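Enquirer: Below is input30.json; it holds JSON, C-alpha atoms and all ligand atoms.
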```json
[["chain", "number", "residue", "atom", "x", "y", "z"],
["A", 1, "MET", "CA", 90.78, 105.13, 111.13],
["A", 2, "LYS", "CA", 91.81, 107.27, 108.18],
["A", 3, "LYS", "CA", 90.26, 106.49, 104.76],
["A", 4, "ASP", "CA", 93.27, 104.46, 103.56],
["A", 5, "LEU", "CA", 96.27, 102.45, 104.80],
["A", 6, "LEU", "CA", 99.07, 103.81, 102.63],
["A", 7, "LYS", "CA", 102.05, 103.73, 105.02],
["A", 8, "LEU", "CA", 102.73, 103.23, 108.72],
["A", 9, "LEU", "CA", 104.30, 106.68, 108.81],
["A", 10, "ASP", "CA", 100.69, 108.01, 108.61],
["A", 11, "LEU", "CA", 99.41, 106.11, 111.67],
["A", 12, "THR", "CA", 99.32, 107.06, 115.35],
["A", 13, "GLU", "CA", 100.07, 104.60, 118.14],
["A", 14, "GLU", "CA", 96.37, 104.57, 119.00],
["A", 15, "GLU", "CA", 95.44, 103.64, 115.42],
["A", 16, "ILE", "CA", 98.03, 100.86, 115.25],
["A", 17, "LEU", "CA", 96.92, 99.41, 118.60],
["A", 18, "HIS", "CA", 93.27, 99.57, 117.49],
["A", 19, "ILE", "CA", 94.18, 97.51, 114.39],
["A", 20, "LEU", "CA", 96.15, 95.02, 116.51],
["A", 21, "ASP", "CA", 93.34, 94.67, 119.07],
["A", 22, "THR", "CA", 90.85, 94.12, 116.24],
["A", 23, "ALA", "CA", 93.20, 91.57, 114.64],
["A", 24, "ASP", "CA", 93.45, 89.64, 117.94],
["A", 25, "ARG", "CA", 89.66, 89.69, 118.29],
["A", 26, "LEU", "CA", 89.00, 88.52, 114.71],
["A", 27, "LYS", "CA", 91.67, 85.81, 115.11],
["A", 28, "SER", "CA", 90.09, 84.39, 118.25],
["A", 29, "GLU", "CA", 86.57, 84.65, 116.78],
["A", 30, "TRP", "CA", 87.66, 82.75, 113.68],
["A", 31, "LYS", "CA", 89.54, 80.08, 115.66],
["A", 32, "ALA", "CA", 86.47, 79.60, 117.87],
["A", 33, "GLY", "CA", 84.33, 79.08, 114.77],
["A", 34, "ARG", "CA", 82.30, 82.25, 115.39],
["A", 35, "LYS", "CA", 81.06, 84.43, 112.51],
["A", 36, "HIS", "CA", 82.38, 87.97, 112.30],
["A", 37, "ASN", "CA", 79.92, 90.82, 112.78],
["A", 38, "PHE", "CA", 80.54, 92.42, 109.39],
["A", 39, "PRO", "CA", 78.20, 93.14, 106.46],
["A", 40, "SER", "CA", 78.43, 90.45, 103.78],
["A", 41, "GLY", "CA", 78.96, 91.06, 100.08],
["A", 42, "LYS", "CA", 81.91, 93.49, 100.21],
["A", 43, "THR", "CA", 84.36, 93.27, 97.32],
["A", 44, "LEU", "CA", 88.11, 93.84, 97.37],
["A", 45, "ALA", "CA", 89.99, 94.56, 94.12],
["A", 46, "MET", "CA", 93.58, 93.31, 94.41],
["A", 47, "ILE", "CA", 96.07, 94.88, 91.97],
["A", 48, "PHE", "CA", 99.44, 93.15, 91.67],
["A", 49, "SER", "CA", 102.39, 94.54, 89.70],
["A", 50, "LYS", "CA", 104.81, 92.23, 91.56],
["A", 51, "ASN", "CA", 104.83, 88.56, 92.57],
["A", 52, "SER", "CA", 103.17, 87.38, 95.77],
["A", 53, "THR", "CA", 102.23, 84.26, 97.71],
["A", 54, "ARG", "CA", 101.32, 85.49, 101.22],
["A", 55, "THR", "CA", 99.75, 88.84, 100.32],
["A", 56, "ARG", "CA", 97.53, 87.42, 97.61],
["A", 57, "VAL", "CA", 96.35, 84.38, 99.54],
["A", 58, "SER", "CA", 95.88, 86.16, 102.88],
["A", 59, "PHE", "CA", 93.91, 89.05, 101.36],
["A", 60, "GLU", "CA", 91.74, 86.78, 99.21],
["A", 61, "THR", "CA", 91.11, 84.38, 102.10],
["A", 62, "GLY", "CA", 90.58, 87.29, 104.49],
["A", 63, "ILE", "CA", 87.89, 89.03, 102.47],
["A", 64, "TYR", "CA", 86.17, 85.65, 101.92],
["A", 65, "GLN", "CA", 86.18, 84.97, 105.68],
["A", 66, "LEU", "CA", 84.59, 88.41, 106.16],
["A", 67, "GLY", "CA", 81.77, 87.32, 103.83],
["A", 68, "GLY", "CA", 83.05, 89.12, 100.74],
["A", 69, "LEU", "CA", 84.89, 88.53, 97.48],
["A", 70, "GLY", "CA", 88.46, 89.23, 96.35],
["A", 71, "ILE", "CA", 89.11, 90.06, 92.68],
["A", 72, "PHE", "CA", 92.67, 89.51, 91.46],
["A", 73, "LEU", "CA", 94.01, 91.94, 88.84],
["A", 74, "SER", "CA", 97.56, 91.49, 87.63],
["A", 75, "SER", "CA", 99.04, 94.54, 85.98],
["A", 76, "SER", "CA", 99.97, 92.38, 82.99],
["A", 77, "ASP", "CA", 96.48, 91.17, 82.11],
["A", 78, "SER", "CA", 94.43, 94.18, 83.22],
["A", 79, "GLN", "CA", 94.31, 97.43, 81.22],
["A", 80, "LEU", "CA", 96.87, 98.91, 83.64],
["A", 81, "GLY", "CA", 99.46, 96.84, 81.78],
["A", 82, "ARG", "CA", 98.43, 98.57, 78.56],
["A", 83, "GLY", "CA", 98.82, 102.03, 80.03],
["A", 84, "GLU", "CA", 95.39, 102.91, 81.48],
["A", 85, "PRO", "CA", 96.15, 105.66, 84.03],
["A", 86, "ILE", "CA", 95.91, 104.82, 87.72],
["A", 87, "GLN", "CA", 93.54, 107.75, 88.29],
["A", 88, "ASP", "CA", 91.02, 106.23, 85.82],
["A", 89, "THR", "CA", 91.45, 102.75, 87.32],
["A", 90, "ALA", "CA", 90.78, 104.30, 90.75],
["A", 91, "ARG", "CA", 87.50, 105.86, 89.62],
["A", 92, "VAL", "CA", 86.30, 102.75, 87.77],
["A", 93, "LEU", "CA", 87.05, 100.35, 90.65],
["A", 94, "SER", "CA", 85.35, 102.80, 93.05],
["A", 95, "ARG", "CA", 82.10, 102.28, 91.09],
["A", 96, "TYR", "CA", 82.22, 98.47, 91.50],
["A", 97, "CYS", "CA", 84.12, 97.58, 94.66],
["A", 98, "ASP", "CA", 84.35, 98.50, 98.34],
["A", 99, "CYS", "CA", 88.13, 98.53, 98.79],
["A", 100, "ILE", "CA", 91.35, 98.29, 96.71],
["A", 101, "MET", "CA", 94.60, 96.58, 97.70],
["A", 102, "ILE", "CA", 97.62, 97.36, 95.52],
["A", 103, "ARG", "CA", 101.16, 95.95, 95.34],
["A", 104, "THR", "CA", 103.41, 97.98, 93.11],
["A", 105, "PHE", "CA", 106.76, 99.74, 92.80],
["A", 106, "GLU", "CA", 106.34, 103.45, 93.48],
["A", 107, "GLN", "CA", 104.65, 104.74, 96.61],
["A", 108, "GLU", "CA", 103.43, 107.70, 94.54],
["A", 109, "GLU", "CA", 101.24, 105.35, 92.46],
["A", 110, "VAL", "CA", 99.48, 104.13, 95.61],
["A", 111, "GLU", "CA", 99.04, 107.69, 96.89],
["A", 112, "LYS", "CA", 97.55, 108.74, 93.53],
["A", 113, "LEU", "CA", 95.23, 105.73, 93.50],
["A", 114, "ALA", "CA", 93.98, 106.73, 96.96],
["A", 115, "GLN", "CA", 93.58, 110.35, 95.92],
["A", 116, "TYR", "CA", 91.29, 109.43, 93.02],
["A", 117, "ALA", "CA", 89.47, 106.46, 94.65],
["A", 118, "SER", "CA", 86.37, 107.18, 96.70],
["A", 119, "ILE", "CA", 86.85, 103.80, 98.45],
["A", 120, "PRO", "CA", 89.67, 102.80, 100.85],
["A", 121, "VAL", "CA", 93.07, 101.85, 99.42],
["A", 122, "ILE", "CA", 95.50, 99.47, 101.15],
["A", 123, "ASN", "CA", 99.22, 99.34, 100.36],
["A", 124, "GLY", "CA", 100.13, 95.66, 99.85],
["A", 125, "LEU", "CA", 103.83, 96.60, 99.39],
["A", 126, "THR", "CA", 105.69, 99.30, 97.54],
["A", 127, "ASP", "CA", 109.39, 99.98, 97.29],
["A", 128, "PHE", "CA", 108.86, 102.43, 100.17],
["A", 129, "GLU", "CA", 106.77, 100.51, 102.72],
["A", 130, "HIS", "CA", 105.15, 97.18, 103.53],
["A", 131, "PRO", "CA", 102.65, 98.31, 106.20],
["A", 132, "CYS", "CA", 100.48, 95.16, 106.31],
["A", 133, "GLN", "CA", 103.55, 93.03, 106.94],
["A", 134, "VAL", "CA", 104.74, 95.11, 109.87],
["A", 135, "LEU", "CA", 101.24, 95.21, 111.40],
["A", 136, "ALA", "CA", 101.33, 91.38, 111.33],
["A", 137, "ASP", "CA", 104.84, 91.47, 112.81],
["A", 138, "LEU", "CA", 103.73, 93.74, 115.68],
["A", 139, "GLN", "CA", 100.77, 91.45, 116.33],
["A", 140, "THR", "CA", 103.14, 88.47, 116.48],
["A", 141, "ILE", "CA", 105.63, 90.19, 118.78],
["A", 142, "ARG", "CA", 102.84, 91.25, 121.14],
["A", 143, "GLU", "CA", 101.49, 87.68, 121.21],
["A", 144, "HIS", "CA", 104.89, 86.28, 122.14],
["A", 145, "LYS", "CA", 106.22, 89.05, 124.39],
["A", 146, "LYS", "CA", 102.89, 90.35, 125.79],
["A", 147, "ARG", "CA", 103.86, 93.97, 125.12],
["A", 148, "LEU", "CA", 105.46, 96.28, 122.56],
["A", 149, "ARG", "CA", 106.44, 99.38, 124.54],
["A", 150, "GLY", "CA", 110.00, 99.22, 125.86],
["A", 151, "LEU", "CA", 111.13, 96.25, 123.74],
["A", 152, "LYS", "CA", 114.18, 96.63, 121.52],
["A", 153, "ILE", "CA", 113.85, 95.50, 117.92],
["A", 154, "CYS", "CA", 116.68, 95.44, 115.42],
["A", 155, "TYR", "CA", 116.79, 94.96, 111.66],
["A", 156, "ILE", "CA", 119.83, 93.60, 109.87],
["A", 157, "GLY", "CA", 120.34, 94.12, 106.11],
["A", 158, "ASP", "CA", 118.95, 96.28, 103.34],
["A", 159, "GLY", "CA", 117.38, 99.65, 104.25],
["A", 160, "ASN", "CA", 114.34, 98.72, 102.16],
["A", 161, "ASN", "CA", 110.54, 98.79, 102.45],
["A", 162, "MET", "CA", 110.70, 96.49, 105.49],
["A", 163, "ALA", "CA", 113.31, 98.64, 107.24],
["A", 164, "ASN", "CA", 111.26, 101.81, 106.61],
["A", 165, "SER", "CA", 108.08, 100.18, 107.93],
["A", 166, "ILE", "CA", 109.82, 98.75, 111.00],
["A", 167, "ILE", "CA", 111.18, 102.21, 111.82],
["A", 168, "ALA", "CA", 107.71, 103.76, 111.48],
["A", 169, "GLY", "CA", 105.73, 101.02, 113.23],
["A", 170, "GLY", "CA", 108.26, 100.19, 115.93],
["A", 171, "LEU", "CA", 109.01, 103.75, 117.03],
["A", 172, "THR", "CA", 105.33, 104.75, 116.91],
["A", 173, "CYS", "CA", 104.57, 101.88, 119.30],
["A", 174, "GLY", "CA", 107.30, 102.97, 121.73],
["A", 175, "MET", "CA", 109.87, 100.34, 120.82],
["A", 176, "ASP", "CA", 113.59, 101.03, 120.58],
["A", 177, "VAL", "CA", 114.69, 100.44, 116.98],
["A", 178, "SER", "CA", 118.19, 99.72, 115.75],
["A", 179, "ILE", "CA", 118.98, 99.29, 112.06],
["A", 180, "ALA", "CA", 122.26, 97.79, 110.81],
["A", 181, "CYS", "CA", 122.94, 98.29, 107.12],
["A", 182, "PRO", "CA", 125.84, 99.24, 104.86],
["A", 183, "ASP", "CA", 126.17, 103.00, 104.34],
["A", 184, "ALA", "CA", 125.08, 102.74, 100.71],
["A", 185, "TYR", "CA", 121.86, 100.92, 101.61],
["A", 186, "ARG", "CA", 120.33, 103.12, 104.31],
["A", 187, "PRO", "CA", 116.58, 103.42, 104.91],
["A", 188, "HIS", "CA", 114.63, 106.13, 103.07],
["A", 189, "PRO", "CA", 115.32, 109.74, 104.21],
["A", 190, "MET", "CA", 111.62, 110.13, 105.16],
["A", 191, "ALA", "CA", 111.91, 107.20, 107.58],
["A", 192, "LEU", "CA", 115.16, 108.58, 108.99],
["A", 193, "ASP", "CA", 113.63, 112.06, 109.39],
["A", 194, "PHE", "CA", 110.71, 110.51, 111.24],
["A", 195, "ALA", "CA", 113.15, 108.60, 113.49],
["A", 196, "ALA", "CA", 115.13, 111.74, 114.23],
["A", 197, "LYS", "CA", 112.00, 113.46, 115.55],
["A", 198, "GLN", "CA", 111.08, 110.75, 118.07],
["A", 199, "THR", "CA", 111.38, 111.60, 121.73],
["A", 200, "HIS", "CA", 109.74, 108.61, 123.45],
["A", 201, "ALA", "CA", 111.74, 105.78, 121.83],
["A", 202, "ARG", "CA", 115.40, 105.39, 120.92],
["A", 203, "PHE", "CA", 116.63, 105.00, 117.36],
["A", 204, "GLU", "CA", 120.05, 103.87, 116.20],
["A", 205, "LEU", "CA", 121.46, 103.52, 112.69],
["A", 206, "THR", "CA", 124.74, 101.63, 112.47],
["A", 207, "THR", "CA", 126.84, 99.67, 110.01],
["A", 208, "SER", "CA", 127.51, 97.04, 112.71],
["A", 209, "PRO", "CA", 125.05, 94.11, 113.02],
["A", 210, "LYS", "CA", 126.64, 93.24, 116.37],
["A", 211, "GLN", "CA", 125.98, 96.71, 117.75],
["A", 212, "ALA", "CA", 122.37, 96.58, 116.55],
["A", 213, "ALA", "CA", 121.80, 93.14, 118.09],
["A", 214, "GLN", "CA", 123.02, 94.20, 121.58],
["A", 215, "GLY", "CA", 120.09, 93.81, 123.98],
["A", 216, "ALA", "CA", 117.62, 93.03, 121.16],
["A", 217, "ASP", "CA", 114.32, 91.33, 121.97],
["A", 218, "VAL", "CA", 113.49, 90.80, 118.29],
["A", 219, "ILE", "CA", 115.81, 90.49, 115.28],
["A", 220, "PHE", "CA", 114.37, 91.16, 111.84],
["A", 221, "THR", "CA", 115.92, 90.56, 108.49],
["A", 222, "ASP", "CA", 114.84, 90.49, 104.83],
["A", 223, "VAL", "CA", 116.28, 89.57, 101.43],
["A", 224, "TRP", "CA", 119.29, 91.48, 100.14],
["A", 225, "ALA", "CA", 117.71, 92.12, 96.72],
["A", 226, "SER", "CA", 114.03, 93.02, 96.80],
["A", 227, "MET", "CA", 111.60, 92.55, 93.94],
["A", 228, "GLY", "CA", 112.61, 94.79, 91.06],
["A", 229, "MET", "CA", 116.30, 94.76, 92.09],
["A", 230, "GLU", "CA", 117.17, 91.38, 90.60],
["A", 231, "GLN", "CA", 119.78, 92.90, 88.28],
["A", 232, "GLU", "CA", 121.68, 94.22, 91.33],
["A", 233, "ALA", "CA", 121.76, 90.82, 93.03],
["A", 234, "ALA", "CA", 125.46, 90.08, 92.45],
["A", 235, "VAL", "CA", 126.61, 93.51, 93.69],
["A", 236, "ARG", "CA", 124.30, 93.24, 96.68],
["A", 237, "MET", "CA", 125.57, 89.75, 97.58],
["A", 238, "LYS", "CA", 128.99, 91.33, 98.12],
["A", 239, "ALA", "CA", 127.72, 94.47, 99.87],
["A", 240, "PHE", "CA", 125.65, 92.53, 102.41],
["A", 241, "ARG", "CA", 128.18, 89.84, 103.25],
["A", 242, "GLY", "CA", 128.46, 90.12, 107.04],
["A", 243, "TYR", "CA", 124.81, 91.16, 107.40],
["A", 244, "GLN", "CA", 123.61, 87.66, 108.14],
["A", 245, "VAL", "CA", 121.44, 86.59, 111.07],
["A", 246, "ASN", "CA", 123.41, 83.65, 112.45],
["A", 247, "ASP", "CA", 124.31, 82.00, 115.78],
["A", 248, "GLU", "CA", 127.02, 84.56, 116.50],
["A", 249, "LEU", "CA", 124.53, 87.42, 116.22],
["A", 250, "MET", "CA", 121.82, 85.60, 118.16],
["A", 251, "ALA", "CA", 124.32, 85.09, 121.03],
["A", 252, "ILE", "CA", 124.65, 88.88, 121.38],
["A", 253, "ALA", "CA", 120.89, 89.48, 121.63],
["A", 254, "ASN", "CA", 118.79, 89.08, 124.78],
["A", 255, "SER", "CA", 117.94, 85.53, 125.80],
["A", 256, "GLY", "CA", 114.57, 84.56, 124.32],
["A", 257, "CYS", "CA", 115.17, 86.93, 121.38],
["A", 258, "MET", "CA", 112.62, 86.34, 118.61],
["A", 259, "VAL", "CA", 113.41, 86.25, 114.89],
["A", 260, "GLN", "CA", 111.04, 87.71, 112.33],
["A", 261, "HIS", "CA", 111.32, 87.38, 108.55],
["A", 262, "CYS", "CA", 108.59, 88.59, 106.20],
["A", 263, "LEU", "CA", 109.45, 85.79, 103.73],
["A", 264, "PRO", "CA", 110.39, 84.58, 101.20],
["A", 265, "ALA", "CA", 113.75, 83.81, 102.88],
["A", 266, "HIS", "CA", 117.08, 83.12, 101.22],
["A", 267, "ARG", "CA", 118.74, 80.64, 103.54],
["A", 268, "GLY", "CA", 122.52, 81.01, 103.63],
["A", 269, "GLU", "CA", 122.25, 84.70, 102.64],
["A", 270, "GLU", "CA", 120.43, 87.00, 105.10],
["A", 271, "ILE", "CA", 119.74, 84.15, 107.56],
["A", 272, "THR", "CA", 121.26, 80.73, 108.25],
["A", 273, "GLU", "CA", 119.19, 77.59, 107.85],
["A", 274, "LYS", "CA", 119.81, 76.83, 111.56],
["A", 275, "VAL", "CA", 118.53, 80.16, 112.92],
["A", 276, "PHE", "CA", 115.59, 80.08, 110.52],
["A", 277, "GLU", "CA", 114.50, 76.59, 111.59],
["A", 278, "GLU", "CA", 115.06, 77.28, 115.30],
["A", 279, "HIS", "CA", 112.70, 80.27, 114.99],
["A", 280, "ALA", "CA", 110.33, 78.75, 112.42],
["A", 281, "ASP", "CA", 107.35, 78.83, 114.81],
["A", 282, "GLU", "CA", 107.72, 82.60, 115.28],
["A", 283, "ILE", "CA", 108.28, 83.17, 111.56],
["A", 284, "PHE", "CA", 105.23, 81.15, 110.52],
["A", 285, "ASP", "CA", 103.09, 82.74, 113.26],
["A", 286, "GLU", "CA", 104.15, 85.99, 111.60],
["A", 287, "ALA", "CA", 103.06, 84.70, 108.19],
["A", 288, "GLU", "CA", 99.72, 83.55, 109.64],
["A", 289, "ASN", "CA", 99.11, 86.92, 111.22],
["A", 290, "ARG", "CA", 99.13, 88.55, 107.78],
["A", 291, "LEU", "CA", 95.64, 87.07, 107.48],
["A", 292, "HIS", "CA", 94.39, 88.36, 110.82],
["A", 293, "ALA", "CA", 96.04, 91.80, 110.65],
["A", 294, "GLN", "CA", 94.73, 92.42, 107.12],
["A", 295, "LYS", "CA", 91.25, 91.24, 108.05],
["A", 296, "ALA", "CA", 91.38, 93.87, 110.79],
["A", 297, "VAL", "CA", 92.49, 96.56, 108.35],
["A", 298, "MET", "CA", 89.72, 95.65, 105.88],
["A", 299, "TYR", "CA", 87.17, 95.39, 108.70],
["A", 300, "LEU", "CA", 87.99, 98.85, 110.05],
["A", 301, "LEU", "CA", 88.36, 100.54, 106.64],
["A", 302, "MET", "CA", 85.05, 99.13, 105.44],
["A", 303, "GLY", "CA", 83.11, 100.35, 108.42],
["A", 304, "GLY", "CA", 83.45, 97.66, 111.14],
["A", 305, "LYS", "CA", 83.74, 98.92, 114.72],
["B", 1, "LIG", "N1", 105.82, 88.79, 102.89],
["B", 1, "LIG", "C1", 105.14, 88.94, 101.74],
["B", 1, "LIG", "O1", 104.59, 89.99, 101.46],
["B", 1, "LIG", "O2", 105.06, 87.82, 100.99],
["B", 1, "LIG", "P1", 104.56, 87.73, 99.49],
["B", 1, "LIG", "O3", 105.55, 88.46, 98.64],
["B", 1, "LIG", "O4", 104.52, 86.25, 99.21],
["B", 1, "LIG", "O5", 103.21, 88.35, 99.39],
["B", 2, "LIG", "N1", 111.75, 93.59, 100.63],
["B", 2, "LIG", "C1", 111.05, 92.51, 99.96],
["B", 2, "LIG", "C2", 109.85, 92.09, 100.74],
["B", 2, "LIG", "C3", 109.09, 90.94, 100.14],
["B", 2, "LIG", "C4", 107.85, 90.60, 100.89],
["B", 2, "LIG", "C5", 110.66, 92.96, 98.57],
["B", 2, "LIG", "O1", 110.22, 94.12, 98.42],
["B", 2, "LIG", "O2", 110.79, 92.18, 97.63]]
```
What is this structure when it is put down as structure tokens?
Ligand code: CP
Ligand code: NVA

Expert:
Amino acid sequence: MKKDLLKLLDLTEEEILHILDTADRLKSEWKAGRKHNFPSGKTLAMIFSKNSTRTRVSFETGIYQLGGLGIFLSSSDSQLGRGEPIQDTARVLSRYCDCIMIRTFEQEEVEKLAQYASIPVINGLTDFEHPCQVLADLQTIREHKKRLRGLKICYIGDGNNMANSIIAGGLTCGMDVSIACPDAYRPHPMALDFAAKQTHARFELTTSPKQAAQGADVIFTDVWASMGMEQEAAVRMKAFRGYQVNDELMAIANSGCMVQHCLPAHRGEEITEKVFEEHADEIFDEAENRLHAQKAVMYLLMGGK
């Protein structure tokens, strides 16, 4: 493993599969009531500049289950909210803690934190990527489909942090990836450049959800207005009309097609209530796997084998 988990674009297939194998092992150990072989007393600082339910609870529970402690720092009530530079925060937390998880806006802030921190840094979501989420998604898909290589995944909606991470994680693991989004809401150029360089998996970018869903084994979607884009919500509602995961789209995909949604979901917008509830088991397995995938990331970054 590298020192940090900043984005899936940085990881090789071997590294991703090592995380997923570790996540499966920790999951079965925990479910069997066995203790993990990991040094106790590690501390994880968790910096949040955006809201969270899953990320906060799964990281805090995860470090506790590994025998350590999670320390929640919101940007509003820590000194970060009063302008203390991230490079100073990095050096201070490195003197107290064993790992830092950060959820913020700009990817550059996370990269700078990692540059100045002597301890591992984990990206808990930026505007650019949501790597922990897509690791959990890959774990879930592999549990249900027994493989990753050769499957086709598609993503319908905004070319956001989820789309970028699905492109990076899916293609790296040898999956065919198709993204359907309006022209004005394409994934980040870095993700598209990465996709253009792939030779062992196919990539497609289209404005047609139906085209993307053809032959899909997994359909992903996400909200039309991510955190920090609330003021664009009305414009986005119009732009994304037609980018809904519904029965018509599911009928085009392969039989047994899974649905994945990172949550929170906006029923009636990016996904219908019916499709959501029909695939609720897969979606909540996905939410559960945040815990196991992140425990694996923490385990490996803090020295577990
Ligand atoms: N999927 C996800 O990251 O959820 P939270 O925003 O609740 O952490
Ligand atoms: N794209 C969403 C994901 C939330 C987990 C956001 O950034 O708000």

Enquirer: So the first atom is atom CA of Tyr155 of chain A and the second is atom CA of Phe128 of chain A; what is the distance between them in Å, to one decimal place?

Expert: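 Atom-to-atom, atom CA of Tyr155 of chain A to atom CA of Phe128 of chain A, that is 15.8 Å.
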
Enquirer: With all atoms listed in the file as the atoms that count, which of A:Leu249, A:Leu66, A:Arg241, A:Gln139 lies nearest to Cys154 of chain A?

Expert: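 Closest to Cys154 of chain A of all the choices is A:Leu249.
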
Enquirer: Neighbours of ligand LIG 2 (chain B) at 10 Å or closer, counting all atoms listed in the file: which residues, as a PyMOL selection string?

Expert: chain A and resi 50-55+103-105+124-130+133+158-163+221-230+261-265

Enquirer: Check the smallest atom-to-atom distance from each of A:Cys257, A:Ile283, A:Leu44, A:Leu6 to ligand LIG 1 (chain B) using all atoms listed in the file, then report the winner.

Expert: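 Answer, going by the shortest atom-to-atom distance: A:Ile283.
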
Enquirer: When distances are computed from all atoms listed in the file, which of A:Lys42, A:Lys305, A:Lys2, A:His292 shows the smallest separation from Thr140 of chain A?

Expert: A:His292

Enquirer: Nearest residue to Ile122 of chain A out of A:Asp98, A:Glu109, A:Asp183, A:Asp4, using only C-alpha atoms?

Expert: A:Asp4

Enquirer: Between atom CA of Cys99 of chain A and atom CA of Gly70 of chain A, measure the distance and give it in Å to one decimal.

Expert: 9.6 Å

Enquirer: Suppose you want the space between atom CA of Pro39 of chain A and atom CA of Lys295 of chain A; what is it in Å?

Expert: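 It comes out at 13.3 Å.
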
Enquirer: Produce the centre coordinates and the three edge lengths, each in Å to one decimal, of the box along x, y and z that contains all listed atoms of segment 79-93 of chain A with 4 Å added on each side, as AutoDock Vina command-line options.

Expert:
```
--center_x 92.9 --center_y 102.3 --center_z 84.7 --size_x 21.2 --size_y 18.9 --size_z 20.2
```

Enquirer: Using only C-alpha atoms and all ligand atoms, can you tell me which of A:Thr172, A:Gln79, A:Asn123, A:Gln87 comes closest to ligand LIG 1 (chain B)?

Expert: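 Ranked by minimum distance to ligand LIG 1 (chain B), first place goes to A:Asn123.
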
Enquirer: Find, counting only C-alpha atoms and all ligand atoms, the residue in A:Phe203, A:Phe194, A:Phe48, A:Tyr116 that gets nearest to ligand LIG 1 (chain B).

Expert: A:Phe48

Enquirer: In file coordinates, which residues lie within 8 Å of (89.2, 88.5, 98.5) using only C-alpha atoms, given as a short mmCIF file (atom, residue, chain, number, x, y, z; two decimals) with C-alpha atoms, in the frame of the given file?

Expert:
```
data_model
loop_
_atom_site.label_atom_id
_atom_site.label_comp_id
_atom_site.auth_asym_id
_atom_site.auth_seq_id
_atom_site.Cartn_x
_atom_site.Cartn_y
_atom_site.Cartn_z
CA THR A 43 84.36 93.27 97.32
CA LEU A 44 88.11 93.84 97.37
CA ALA A 45 89.99 94.56 94.12
CA MET A 46 93.58 93.31 94.41
CA PHE A 59 93.91 89.05 101.36
CA GLU A 60 91.74 86.78 99.21
CA THR A 61 91.11 84.38 102.10
CA GLY A 62 90.58 87.29 104.49
CA ILE A 63 87.89 89.03 102.47
CA TYR A 64 86.17 85.65 101.92
CA GLY A 68 83.05 89.12 100.74
CA LEU A 69 84.89 88.53 97.48
CA GLY A 70 88.46 89.23 96.35
CA ILE A 71 89.11 90.06 92.68
CA PHE A 72 92.67 89.51 91.46
#
```

Enquirer: Extract, using all atoms listed in the file, all DNA, RNA and protein residues at most 9 Å from His279 of chain A, discarding same-chain residues fewer than 6 positions from it, and format them as an mmCIF file with C-alpha atoms, keeping the file's coordinate frame.

Expert:
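Output below, filename out_23.cif:
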```cif
data_model
loop_
_atom_site.group_PDB
_atom_site.id
_atom_site.type_symbol
_atom_site.label_atom_id
_atom_site.label_comp_id
_atom_site.auth_asym_id
_atom_site.auth_seq_id
_atom_site.Cartn_x
_atom_site.Cartn_y
_atom_site.Cartn_z
ATOM 1 C CA MET A 258 112.620 86.340 118.610
ATOM 2 C CA VAL A 259 113.410 86.250 114.890
ATOM 3 C CA GLN A 260 111.040 87.710 112.330
#
```

Enquirer: Any idea what's packed within 6 Å of Ala296 of chain A, counting all atoms listed in the file, ignoring anything in its chain fewer than 5 positions away? Could you give it as an NGL selection string?

Expert: :A and (19 or 22-23)

Enquirer: From (111.6, 105.2, 109.6), in the file's coordinates, out to 9 Å: which residues are reached, counting all atoms listed in the file? Answer as a list in words.

Expert: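 Output: Leu9, Ala163, Asn164, Ser165, Ile166, Ile167, Ala168, Gly169, Gly170, Leu171, Pro187, His188, Pro189, Met190, Ala191, Leu192, Asp193, Phe194, Ala195 and Ala196 of chain A.
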
Enquirer: Residues near segment 207-209 of chain A, anyone? I mean within 7 Å using only C-alpha atoms, not counting same-chain ones fewer than 2 positions away, as an MDAnalysis selection string.

Expert: chainID A and resid 156 180:183 211:213 243
